[in-house]
Structure formats: C-alpha cells, structure tokens
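Data first, discussion second: the structure below is written as structure tokens.
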Amino acid sequence: MIVINLDVMLAKRKMTLSELSDQVGITLSNMSILKTGKVRALRISTLDSICRILDCTPGDILEYRPGDQESE
C-alpha cells in the first residue's frame with residue numbers, strides 16, 4: 001500500500017494545506033483528497049510542484065508499506 005505523508009511535510013514546513021494548494025495550483029478539495037490518501041492517481045507534474053514548494057523529495061511524501069493493502 002502506498003501511504004501519503006503530506007501532512008507530515010506540511011507540519012515540518014509550517015504550511016497549511018490551503019497555502020500549498022494555492023501555490024501548486026490545484027483545488028483545496030483535490031489537495032485534501034491527496035492528503036487523506038484517497039487519491040487514485042497523481043500527476044508527476046503535481047508531485048514535482050509539491051516537492052519543489054515543500055523542498056523535499058517524492059520519498060518524503062510517498063511511502064510503501066508492504067502487506068497493508070486496502071480492498072478495492
């Protein structure tokens with residue numbers, strides 16, 4: 001299972017989800033779906049923007065946990 005650690009990076013950077021969504025250029029509702037891990041797809045360009053703004057790597061945001069699969 002892929003886990004999204006966006007809330008951790010936002011806390012480390014002392015940034016709100018709203019601020020990030022404004023800077024990335026996607027809606028707050030879509031950013032919230034990403035933050036909660038309910039997203040089904042993520043554009044590489046969006047991930048690139050998030051990493052640039054938060055000064056982090058994709059590995060800081062995305063984590064793989066084997067064996068923790070949700071049923072589809």
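If you're wondering about the labels, chains in the structure tokens are A, B, ... by order shown, residues count from 1 in each chain, ligands from 1 in order shown.
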Can you list, as JSON, numbers by chain, all residues belonging to chain A that DSSP tags as strand (DSSP E or B)? {"A": [2, 3, 4, 62, 63, 64]}
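Taking atom CA of A:Gly37 as the reference point, atom CA of A:Val3 is found at 6.6 Å.
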What's around A:Cys51 at 12 Å? Count only C-alpha atoms, leave out sequence neighbours fewer than 3 positions away in its own chain, and write the answer as a compact mmCIF listing (two decimals) with all heavy atoms, in the first residue's frame.
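In the end it all went to around-v1.txt:
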# COMPACT_ATOMS: atom_id res chain seq x y z
N LEU A 6 1.79 13.64 3.33
CA LEU A 6 1.77 15.07 3.04
C LEU A 6 1.56 15.90 4.31
O LEU A 6 2.19 16.94 4.48
CB LEU A 6 0.65 15.38 2.03
CG LEU A 6 0.60 16.79 1.47
CD1 LEU A 6 1.94 17.18 0.83
CD2 LEU A 6 -0.52 16.91 0.45
N MET A 9 4.89 16.50 6.06
CA MET A 9 5.72 17.51 5.41
C MET A 9 5.16 18.92 5.61
O MET A 9 5.90 19.87 5.81
CB MET A 9 5.89 17.22 3.92
CG MET A 9 6.77 16.03 3.62
SD MET A 9 8.38 16.06 4.45
CE MET A 9 9.08 17.57 3.82
N LEU A 10 3.84 19.04 5.59
CA LEU A 10 3.22 20.35 5.83
C LEU A 10 3.55 20.84 7.24
O LEU A 10 3.88 22.01 7.43
CB LEU A 10 1.70 20.27 5.64
CG LEU A 10 1.22 20.20 4.20
CD1 LEU A 10 -0.26 19.85 4.16
CD2 LEU A 10 1.49 21.49 3.46
N ARG A 13 7.12 22.03 7.48
CA ARG A 13 7.34 23.30 6.78
C ARG A 13 6.44 24.43 7.31
O ARG A 13 6.49 25.53 6.81
CB ARG A 13 7.09 23.13 5.28
CG ARG A 13 7.96 22.09 4.62
CD ARG A 13 9.45 22.44 4.73
NE ARG A 13 10.26 21.52 3.95
CZ ARG A 13 11.04 20.58 4.46
NH1 ARG A 13 11.13 20.43 5.76
NH2 ARG A 13 11.75 19.81 3.66
N LEU A 20 -0.54 25.45 0.38
CA LEU A 20 0.08 24.56 -0.59
C LEU A 20 -0.77 24.45 -1.85
O LEU A 20 -0.26 24.52 -2.96
CB LEU A 20 0.32 23.18 0.02
CG LEU A 20 1.00 22.16 -0.90
CD1 LEU A 20 2.40 22.63 -1.31
CD2 LEU A 20 1.06 20.79 -0.24
N GLN A 23 -0.32 27.49 -4.01
CA GLN A 23 1.00 27.55 -4.66
C GLN A 23 1.15 26.49 -5.75
O GLN A 23 1.80 26.74 -6.76
CB GLN A 23 2.11 27.41 -3.63
CG GLN A 23 2.21 28.64 -2.74
CD GLN A 23 3.37 28.57 -1.79
OE1 GLN A 23 4.43 28.06 -2.12
NE2 GLN A 23 3.18 29.08 -0.58
N VAL A 24 0.55 25.31 -5.55
CA VAL A 24 0.64 24.25 -6.55
C VAL A 24 -0.30 24.52 -7.72
O VAL A 24 -0.02 24.17 -8.85
CB VAL A 24 0.34 22.87 -5.91
CG1 VAL A 24 0.22 21.78 -6.96
CG2 VAL A 24 1.42 22.50 -4.90
N ILE A 44 2.68 13.42 -12.25
CA ILE A 44 4.09 13.65 -11.91
C ILE A 44 4.36 15.15 -11.80
O ILE A 44 5.10 15.58 -10.91
CB ILE A 44 5.03 12.99 -12.95
CG1 ILE A 44 4.87 11.47 -12.93
CG2 ILE A 44 6.49 13.38 -12.72
CD1 ILE A 44 5.25 10.80 -11.64
N SER A 45 3.74 15.94 -12.64
CA SER A 45 3.94 17.40 -12.58
C SER A 45 3.41 17.97 -11.26
O SER A 45 4.01 18.90 -10.70
CB SER A 45 3.27 18.09 -13.76
OG SER A 45 1.89 17.84 -13.79
N THR A 46 2.33 17.41 -10.73
CA THR A 46 1.80 17.86 -9.44
C THR A 46 2.75 17.45 -8.32
O THR A 46 3.06 18.26 -7.44
CB THR A 46 0.40 17.26 -9.18
OG1 THR A 46 -0.47 17.67 -10.23
CG2 THR A 46 -0.15 17.70 -7.85
N LEU A 47 3.25 16.23 -8.36
CA LEU A 47 4.22 15.77 -7.37
C LEU A 47 5.48 16.61 -7.43
O LEU A 47 6.03 17.00 -6.39
CB LEU A 47 4.55 14.29 -7.59
CG LEU A 47 5.51 13.65 -6.61
CD1 LEU A 47 4.99 13.73 -5.17
CD2 LEU A 47 5.76 12.20 -7.00
N ASP A 48 5.92 16.95 -8.63
CA ASP A 48 7.09 17.80 -8.81
C ASP A 48 6.88 19.17 -8.15
O ASP A 48 7.75 19.67 -7.44
CB ASP A 48 7.39 17.95 -10.31
CG ASP A 48 8.59 18.83 -10.57
OD1 ASP A 48 9.72 18.40 -10.22
OD2 ASP A 48 8.41 19.94 -11.11
N LEU A 54 7.66 22.34 -1.12
CA LEU A 54 7.98 21.88 0.24
C LEU A 54 9.46 21.57 0.43
O LEU A 54 9.87 21.20 1.53
CB LEU A 54 7.15 20.63 0.56
CG LEU A 54 5.64 20.84 0.69
CD1 LEU A 54 4.94 19.51 0.96
CD2 LEU A 54 5.31 21.85 1.78
N ASP A 55 10.26 21.72 -0.64
CA ASP A 55 11.69 21.45 -0.59
C ASP A 55 11.95 20.05 -0.02
O ASP A 55 12.61 19.88 1.01
CB ASP A 55 12.42 22.51 0.22
CG ASP A 55 13.94 22.38 0.10
OD1 ASP A 55 14.42 21.91 -0.95
OD2 ASP A 55 14.64 22.76 1.07
N CYS A 56 11.38 19.06 -0.72
CA CYS A 56 11.52 17.68 -0.28
C CYS A 56 11.61 16.77 -1.51
O CYS A 56 11.60 17.24 -2.64
CB CYS A 56 10.34 17.27 0.60
SG CYS A 56 8.74 17.25 -0.25
N THR A 57 11.70 15.47 -1.28
CA THR A 57 11.75 14.50 -2.37
C THR A 57 10.43 13.71 -2.38
O THR A 57 9.71 13.69 -1.37
CB THR A 57 12.91 13.51 -2.18
OG1 THR A 57 12.64 12.71 -1.04
CG2 THR A 57 14.24 14.24 -2.02
N PRO A 58 10.12 13.03 -3.48
CA PRO A 58 8.91 12.21 -3.51
C PRO A 58 8.89 11.17 -2.38
O PRO A 58 7.83 10.87 -1.83
CB PRO A 58 8.96 11.53 -4.88
CG PRO A 58 9.71 12.49 -5.74
CD PRO A 58 10.75 13.08 -4.81
N GLY A 59 10.04 10.67 -1.99
CA GLY A 59 10.13 9.70 -0.90
C GLY A 59 9.75 10.27 0.45
O GLY A 59 9.43 9.52 1.37
N ASP A 60 9.80 11.59 0.58
CA ASP A 60 9.36 12.22 1.83
C ASP A 60 7.83 12.24 1.91
O ASP A 60 7.27 12.31 3.00
CB ASP A 60 9.87 13.67 1.92
CG ASP A 60 11.37 13.75 2.03
OD1 ASP A 60 11.98 12.89 2.69
OD2 ASP A 60 11.96 14.69 1.45
N ILE A 61 7.18 12.17 0.77
CA ILE A 61 5.72 12.27 0.70
C ILE A 61 5.07 10.90 0.52
O ILE A 61 4.04 10.61 1.12
CB ILE A 61 5.31 13.21 -0.45
CG1 ILE A 61 5.82 14.62 -0.15
CG2 ILE A 61 3.80 13.22 -0.63
CD1 ILE A 61 5.66 15.58 -1.29
N LEU A 62 5.68 10.06 -0.31
CA LEU A 62 5.11 8.75 -0.62
C LEU A 62 5.89 7.65 0.09
O LEU A 62 7.11 7.63 0.06
CB LEU A 62 5.16 8.49 -2.13
CG LEU A 62 4.48 9.53 -3.01
CD1 LEU A 62 4.74 9.21 -4.48
CD2 LEU A 62 3.00 9.60 -2.73
All alpha helix (DSSP H) residues (DSSP, backbone) inside chain A, as number ranges by chain: A: 6-13, 17-24, 28-35, 44-54, 58-61
